[in-house]
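The data block below is start-v6.txt; it holds compact mmCIF, C-alpha atoms.
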```txt
# COMPACT_ATOMS: atom_id res chain seq x y z
CA MET A 1 24.97 -18.65 2.72
CA ILE A 2 25.78 -22.33 3.10
CA LEU A 3 22.14 -23.16 3.77
CA LEU A 4 21.04 -21.04 0.81
CA GLY A 5 23.65 -22.79 -1.34
CA ALA A 6 22.30 -26.18 -0.26
CA LEU A 7 18.77 -25.03 -1.13
CA ALA A 8 19.96 -23.82 -4.55
CA ALA A 9 21.68 -27.17 -5.17
CA TYR A 10 18.45 -28.98 -4.30
CA VAL A 11 16.46 -26.78 -6.66
CA LEU A 12 18.91 -27.30 -9.53
CA SER A 13 18.95 -31.08 -9.03
CA HIS A 14 15.18 -31.52 -9.53
CA ARG A 15 13.75 -30.84 -12.96
CA GLU A 16 10.20 -29.97 -11.85
CA VAL A 17 11.36 -27.65 -9.11
CA ARG A 18 13.95 -26.14 -11.45
CA SER A 19 11.32 -25.47 -14.10
CA SER A 20 8.88 -23.79 -11.69
CA THR A 21 11.71 -21.74 -10.18
CA ALA A 22 12.68 -20.55 -13.66
CA ASP A 23 9.09 -19.42 -14.30
CA VAL A 24 9.08 -17.48 -11.02
CA ALA A 25 12.44 -15.91 -11.90
CA LYS A 26 11.15 -14.80 -15.32
CA ALA A 27 8.12 -13.17 -13.75
CA PHE A 28 10.30 -11.51 -11.12
CA LEU A 29 12.76 -10.13 -13.69
CA GLN A 30 10.16 -8.04 -15.48
CA PRO A 31 11.15 -4.35 -15.83
CA LYS A 32 8.20 -3.17 -13.75
CA ILE A 33 9.51 -5.20 -10.83
CA MET A 34 13.26 -4.90 -11.35
CA ALA A 35 13.36 -1.15 -12.04
CA PRO A 36 12.20 -0.14 -8.53
CA ILE A 37 14.57 -2.71 -6.99
CA VAL A 38 17.58 -1.45 -8.94
CA ALA A 39 16.66 2.17 -8.17
CA PHE A 40 16.33 1.19 -4.49
CA GLY A 41 19.83 -0.30 -4.59
CA VAL A 42 21.25 2.89 -6.10
CA TYR A 43 19.39 4.96 -3.51
CA LEU A 44 20.75 2.88 -0.62
CA THR A 45 24.27 3.06 -2.06
CA ALA A 46 24.02 6.84 -2.01
CA ALA A 47 22.75 6.71 1.60
CA VAL A 48 25.68 4.49 2.62
CA TRP A 49 28.14 6.85 0.94
CA ALA A 50 26.62 9.81 2.80
CA ALA A 51 26.86 7.88 6.08
CA SER A 52 30.52 7.10 5.43
CA GLN A 53 31.23 10.82 5.10
CA VAL A 54 30.12 11.39 8.71
CA ASN A 55 31.88 8.26 10.09
CA LEU A 56 28.61 6.40 10.54
CA TRP A 57 29.63 3.63 8.13
CA GLU A 58 32.88 1.83 7.33
CA ARG A 59 33.91 -1.09 5.13
CA GLU A 60 34.02 -3.52 8.05
CA ILE A 61 30.20 -3.53 8.19
CA LEU A 62 29.76 -4.03 4.43
CA LYS A 63 28.59 -7.61 5.02
CA ASP A 64 25.95 -6.44 7.51
CA THR A 65 24.85 -3.76 5.03
CA ILE A 66 24.42 -6.26 2.19
CA ILE A 67 22.51 -8.67 4.43
CA TRP A 68 20.21 -5.84 5.56
CA GLY A 69 19.58 -4.84 1.94
CA LEU A 70 18.81 -8.39 0.77
CA LEU A 71 16.58 -9.30 3.70
CA THR A 72 15.13 -6.33 5.57
CA GLY A 73 15.48 -3.85 2.71
CA LEU A 74 13.73 -5.99 0.11
CA ALA A 75 11.05 -7.00 2.61
CA LEU A 76 10.43 -3.31 3.31
CA LEU A 77 10.32 -2.56 -0.41
CA PHE A 78 7.70 -5.25 -1.01
CA LYS A 79 5.56 -3.66 1.71
CA THR A 80 5.21 -0.47 -0.33
CA THR A 81 1.52 -1.20 -0.85
CA ASP A 82 1.07 -0.95 2.94
CA ALA A 83 2.61 2.53 3.08
CA LYS A 84 -0.82 4.15 2.79
CA SER A 85 -1.83 2.64 6.14
CA VAL A 86 -2.05 4.97 9.13
CA GLY A 87 1.13 4.86 11.19
CA PHE A 88 3.11 2.73 8.71
CA PHE A 89 6.20 4.95 8.64
CA ARG A 90 6.13 5.70 12.37
CA ASP A 91 5.75 2.02 13.32
CA THR A 92 8.43 0.90 10.86
CA ALA A 93 10.92 3.41 12.25
CA LEU A 94 10.11 2.58 15.88
CA ARG A 95 10.57 -1.16 15.31
CA THR A 96 14.26 -0.56 14.56
CA ILE A 97 14.83 0.67 18.13
CA GLY A 98 12.59 -1.90 19.81
CA LEU A 99 13.62 -4.73 22.12
CA SER A 100 13.38 -7.43 19.44
CA ALA A 101 15.69 -5.46 17.11
CA PHE A 102 18.26 -5.04 19.90
CA VAL A 103 18.11 -8.74 20.82
CA GLU A 104 18.58 -9.69 17.16
CA PHE A 105 21.65 -7.48 16.99
CA PHE A 106 23.01 -8.65 20.34
CA VAL A 107 22.87 -12.40 19.65
CA ASN A 108 24.72 -11.86 16.36
CA ILE A 109 27.71 -10.15 17.98
CA GLU A 110 29.35 -13.50 18.74
CA SER A 111 29.20 -16.58 16.53
CA PHE A 112 29.25 -20.25 17.48
CA HIS A 113 31.22 -22.97 15.75
CA LEU A 114 30.17 -23.34 12.11
CA VAL A 115 28.55 -26.76 12.66
CA VAL A 116 26.59 -25.44 15.64
CA GLU A 117 25.45 -22.40 13.62
CA LEU A 118 24.27 -24.55 10.71
CA VAL A 119 22.34 -26.99 12.91
CA LEU A 120 20.87 -24.20 15.04
CA GLN A 121 19.73 -22.10 12.08
CA ALA A 122 18.25 -25.13 10.29
CA VAL A 123 16.29 -26.07 13.42
CA LEU A 124 15.10 -22.49 13.95
CA ILE A 125 13.95 -22.21 10.32
CA LEU A 126 12.00 -25.45 10.74
CA VAL A 127 10.43 -24.33 14.04
CA VAL A 128 9.49 -20.87 12.69
CA GLY A 129 7.97 -22.51 9.61
CA MET A 130 5.91 -24.88 11.77
CA LEU A 131 4.83 -21.97 13.95
CA ALA A 132 3.66 -20.03 10.89
CA VAL A 133 1.59 -23.03 9.75
CA THR A 134 -0.02 -23.62 13.15
CA SER A 135 -0.55 -19.95 14.12
CA ASN A 136 -4.16 -19.83 12.86
CA ASP A 137 -5.12 -23.42 13.64
CA GLU A 138 -7.10 -23.71 16.87
CA ASP A 139 -6.58 -27.48 16.93
CA GLN A 140 -2.80 -26.98 17.10
CA ARG A 141 -2.85 -24.54 20.03
CA GLN A 142 -0.82 -26.84 22.29
CA LEU A 143 1.81 -27.39 19.60
CA LYS A 144 1.97 -23.63 19.03
CA ARG A 145 2.66 -23.02 22.74
CA LEU A 146 5.35 -25.70 22.68
CA LEU A 147 7.06 -24.12 19.66
CA GLU A 148 6.87 -20.63 21.17
CA GLY A 149 8.34 -21.96 24.43
CA PHE A 150 11.17 -23.59 22.51
CA LEU A 151 11.98 -20.34 20.67
CA THR A 152 11.93 -18.43 23.96
CA LEU A 153 14.30 -20.95 25.55
CA VAL A 154 16.70 -20.75 22.60
CA GLY A 155 16.56 -16.96 22.75
CA VAL A 156 17.45 -16.90 26.45
CA ILE A 157 20.33 -19.34 25.89
CA LEU A 158 21.65 -17.23 23.00
CA ILE A 159 21.49 -14.01 25.05
CA VAL A 160 23.26 -15.54 28.05
CA THR A 161 25.91 -17.24 25.92
CA THR A 162 26.56 -14.09 23.89
CA ALA A 163 26.84 -11.96 27.05
CA TRP A 164 29.31 -14.42 28.56
CA LYS A 165 31.48 -14.59 25.42
CA LEU A 166 31.33 -10.81 24.99
CA GLY A 167 32.44 -10.31 28.59
CA GLN A 168 35.37 -12.66 28.07
CA ASN A 169 36.55 -10.78 24.96
CA TRP A 170 35.49 -7.23 25.91
CA SER A 171 39.01 -5.82 25.98
CA SER A 172 39.61 -6.84 22.36
CA VAL A 173 36.22 -5.71 21.03
CA ASP A 174 36.21 -2.78 18.59
CA LYS A 175 33.68 -0.57 20.38
CA GLY A 176 33.36 1.89 17.50
CA LEU A 177 32.60 -0.91 15.05
CA LEU A 178 30.15 -2.42 17.53
CA TRP A 179 28.13 0.78 17.85
CA ARG A 180 28.18 1.35 14.09
CA SER A 181 26.77 -2.15 13.63
CA LEU A 182 24.05 -1.42 16.17
CA ALA A 183 23.14 1.88 14.49
CA LEU A 184 23.23 0.43 10.96
CA PRO A 185 19.68 -1.04 10.75
CA VAL A 186 18.25 2.06 12.44
CA TRP A 187 19.58 4.70 10.07
CA LEU A 188 19.27 2.45 7.00
CA THR A 189 15.58 1.93 7.72
CA VAL A 190 15.00 5.63 8.33
CA ALA A 191 16.93 6.47 5.16
CA ALA A 192 14.88 3.96 3.12
CA LEU A 193 11.49 5.34 4.18
CA PRO A 194 11.53 8.41 1.86
CA TYR A 195 12.12 6.08 -1.10
CA ILE A 196 9.24 3.84 0.02
CA TYR A 197 7.05 6.92 0.34
CA GLY A 198 7.95 8.17 -3.14
CA LEU A 199 7.46 4.74 -4.72
CA SER A 200 4.06 4.35 -3.05
CA LEU A 201 3.08 7.79 -4.33
CA VAL A 202 4.11 6.90 -7.90
CA MET A 203 2.24 3.59 -7.70
CA GLY A 204 -0.91 5.33 -6.45
CA TYR A 205 -0.89 7.93 -9.21
CA GLY A 206 -0.08 5.23 -11.76
CA THR A 207 -3.19 3.31 -10.75
CA THR A 208 -5.33 6.43 -11.04
CA PHE A 209 -3.93 7.43 -14.41
CA SER A 210 -4.41 3.92 -15.78
CA ARG A 211 -8.14 4.37 -15.11
CA LEU A 212 -8.11 7.45 -17.32
CA LYS A 213 -6.85 5.40 -20.23
CA LEU A 214 -10.11 3.42 -20.13
CA VAL A 215 -11.92 6.52 -21.34
CA ASP A 216 -11.28 7.75 -24.88
CA ARG A 217 -10.24 11.39 -24.44
CA PRO A 218 -8.03 13.84 -26.32
CA ARG A 219 -4.43 13.78 -25.16
CA SER A 220 -4.43 17.46 -24.14
CA LEU A 221 -7.45 16.93 -21.90
CA SER A 222 -5.86 13.83 -20.42
CA LEU A 223 -2.85 15.95 -19.40
CA LYS A 224 -5.19 18.52 -17.83
CA LEU A 225 -6.90 15.79 -15.86
CA ARG A 226 -3.57 14.44 -14.61
CA VAL A 227 -2.58 17.92 -13.44
CA ALA A 228 -5.97 18.32 -11.75
CA VAL A 229 -5.43 15.05 -9.87
CA VAL A 230 -1.89 15.91 -8.75
CA VAL A 231 -2.85 19.44 -7.68
CA GLY A 232 -5.95 18.20 -5.88
CA LEU A 233 -4.56 15.12 -4.13
CA GLY A 234 -1.06 16.43 -3.46
CA TRP A 235 1.31 14.21 -1.47
CA ARG A 236 -1.19 12.46 0.84
CA LEU A 237 -0.79 8.73 0.24
CA ARG A 238 -4.21 7.87 1.64
CA TYR A 239 -5.86 10.28 -0.77
CA VAL A 240 -3.82 9.08 -3.74
CA HIS A 241 -4.47 5.39 -3.10
CA GLY A 242 -8.10 6.02 -2.21
CA PHE A 243 -8.87 7.81 -5.47
CA THR A 244 -9.70 4.69 -7.46
CA GLY A 245 -12.74 2.83 -8.71
CA PRO A 246 -15.76 5.03 -9.47
CA TRP A 247 -13.90 8.24 -8.61
CA ALA A 248 -11.25 7.65 -11.26
CA MET A 249 -13.90 6.64 -13.79
CA ARG A 250 -15.92 9.78 -13.06
CA LEU A 251 -12.77 11.84 -13.53
CA GLY A 252 -12.28 10.30 -16.96
CA ARG A 253 -15.70 11.54 -17.99
CA THR A 254 -15.08 15.17 -17.00
CA SER A 255 -14.43 17.72 -19.71
CA SER A 256 -12.18 20.38 -18.14
CA PHE A 257 -9.50 21.06 -15.56
CA THR A 258 -12.02 22.93 -13.39
CA GLU A 259 -14.44 20.00 -13.37
CA GLY A 260 -11.58 17.67 -12.55
CA ARG A 261 -10.50 19.80 -9.58
CA ALA A 262 -14.07 19.99 -8.34
CA LEU A 263 -14.40 16.21 -8.48
CA VAL A 264 -11.12 15.71 -6.62
CA ASN A 265 -12.24 18.17 -3.94
CA GLU A 266 -15.51 16.28 -3.63
CA PHE A 267 -13.57 13.06 -3.17
CA ARG A 268 -11.35 14.60 -0.47
CA ALA A 269 -14.37 15.83 1.47
CA SER A 270 -16.07 12.42 1.18
CA PHE A 271 -12.89 10.57 2.14
CA ALA A 272 -12.24 12.82 5.14
CA SER A 273 -15.79 12.44 6.49
CA ALA A 274 -15.64 8.66 6.07
CA ASN A 275 -12.34 8.39 7.95
CA VAL A 276 -12.93 10.77 10.84
CA GLY A 277 -10.92 9.72 13.87
CA GLN A 278 -8.54 7.44 11.97
```

What would the structure in this file look like if it were written as structure tokens?
Amino acid sequence: MILLGALAAYVLSHREVRSSTADVAKAFLQPKIMAPIVAFGVYLTAAVWAASQVNLWEREILKDTIIWGLLTGLALLFKTTDAKSVGFFRDTALRTIGLSAFVEFFVNIESFHLVVELVLQAVLILVVGMLAVTSNDEDQRQLKRLLEGFLTLVGVILIVTTAWKLGQNWSSVDKGLLWRSLALPVWLTVAALPYIYGLSLVMGYGTTFSRLKLVDRPRSLSLKLRVAVVVGLGWRLRYVHGFTGPWAMRLGRTSSFTEGRALVNEFRASFASANVGQ
């Protein structure tokens, strides 16, 4: 929060940066963007309340919950367009119980002195940023290896130091709180996935229905076509997101519910044959 505060102070102290940041904020605050975010916050609040009823959540991990929502939760929400990919939900859920997730949790059990934390995090942000810039540059391969080696060394030092400090203070550690903190990102991610699925489904149908508006049709027929699409495509995200372009335009030129269903069935057969084995 201190580093973010310093960044905010820098932004506010420079007119050009402040102006561009304001433009980005205005674009971000549009209802089409904010409505899903607010609904996501309400959804997660309900999930946290349900978890508290079965002793899976308590107020002591409120800070961890907020941090997860602002970082991991929002990042997951902005990946909604990837939800149609094969294995997206399975891979997202499995990552929460992977080695990297456990290491991230483990090294955050114990904190260093504030000055050490600030310097360490600033250096790590700089190194990760440099690594992102050089990751696709073949001429910077040696620098990339050096940066990766540095991150590995820091990771090992953090793990060893955390294990030593945890061993020294083990008798005073709240084990129940510790395990709730470990479980928090796992069940929060799993709980968030149904919302991501539903939002992706709504976005897919919204794209399809917007194509229908390009064709001048009576409102009653437009409703019939929407029903034909929903009945035909169902809840399969790959079908819903794949039914765009010429398929949606052809649907707009149909004249009945039966023709609409037939076109959707034709699309499903074509889509399935084109994606055999995937």

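Note that CA of Asn169 (chain A) and CA of Leu151 (chain A) are 26.7 Å apart.
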
| Residue contacts of region 163-166 of chain A (9 Å, all atoms listed in the file) excluding same-chain residues fewer than 3 positions away, as a PyMOL selection string | chain A and resi 106-107+109-110+158-160+169-170+173

| request: With a distance cut-off of 9 Å and only C-alpha atoms, select the neighbouring residues of region 264-275 of chain A, excluding the residue or stretch itself and same-chain residues fewer than 4 positions from it, and output the selection as number ranges by chain. | output: A: 228-229, 232-233, 239, 242-243, 247, 251, 259-260

| task | Please identify all polymer residues within 12 Å of region 144-150 of chain A, counting only C-alpha atoms, omitting same-chain residues fewer than 3 positions from it, and present them as an MDAnalysis selection string. | result | chainID A and resid 123:141 153:157

| What separation in Å, quoted to one decimal, exists between CA of Arg236 (chain A) and CA of Lys32 (chain A)? |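 Between CA of Arg236 (chain A) and CA of Lys32 (chain A) the gap is 23.4 Å.
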
| task | Enter the distance from CA of Val231 (chain A) to CA of Pro246 (chain A), in Å, rounded to one decimal. | result |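 Atom-to-atom, CA of Val231 (chain A) and CA of Pro246 (chain A) are spaced 19.4 Å apart.
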
| Counting all atoms listed in the file, the option among A:Leu223, A:Leu199, A:Val240, A:Ala25 closest to Phe78 (chain A) |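 Result for the nearest residue to Phe78 (chain A): A:Leu199.
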
| request: Name the residues in contact with region 93-101 of chain A at a cut-off of 10 Å, using all atoms listed in the file, excluding same-chain residues fewer than 6 positions from it; report them as a list in words. | output: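 In the requested form, the answer reads Gly87, Leu182, Ala183, Leu184, Pro185, Val186, Trp187, Leu188, Thr189, Val190, Ala191, Ala192 and Leu193 of chain A.
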
| query | Of the residues A:Phe40, A:Trp68, A:Phe105, A:Tyr10, which is the one nearest to Pro194 (chain A), using only C-alpha atoms? | reply |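 When distances to Pro194 (chain A) are compared using only C-alpha atoms, the smallest one comes from A:Phe40.
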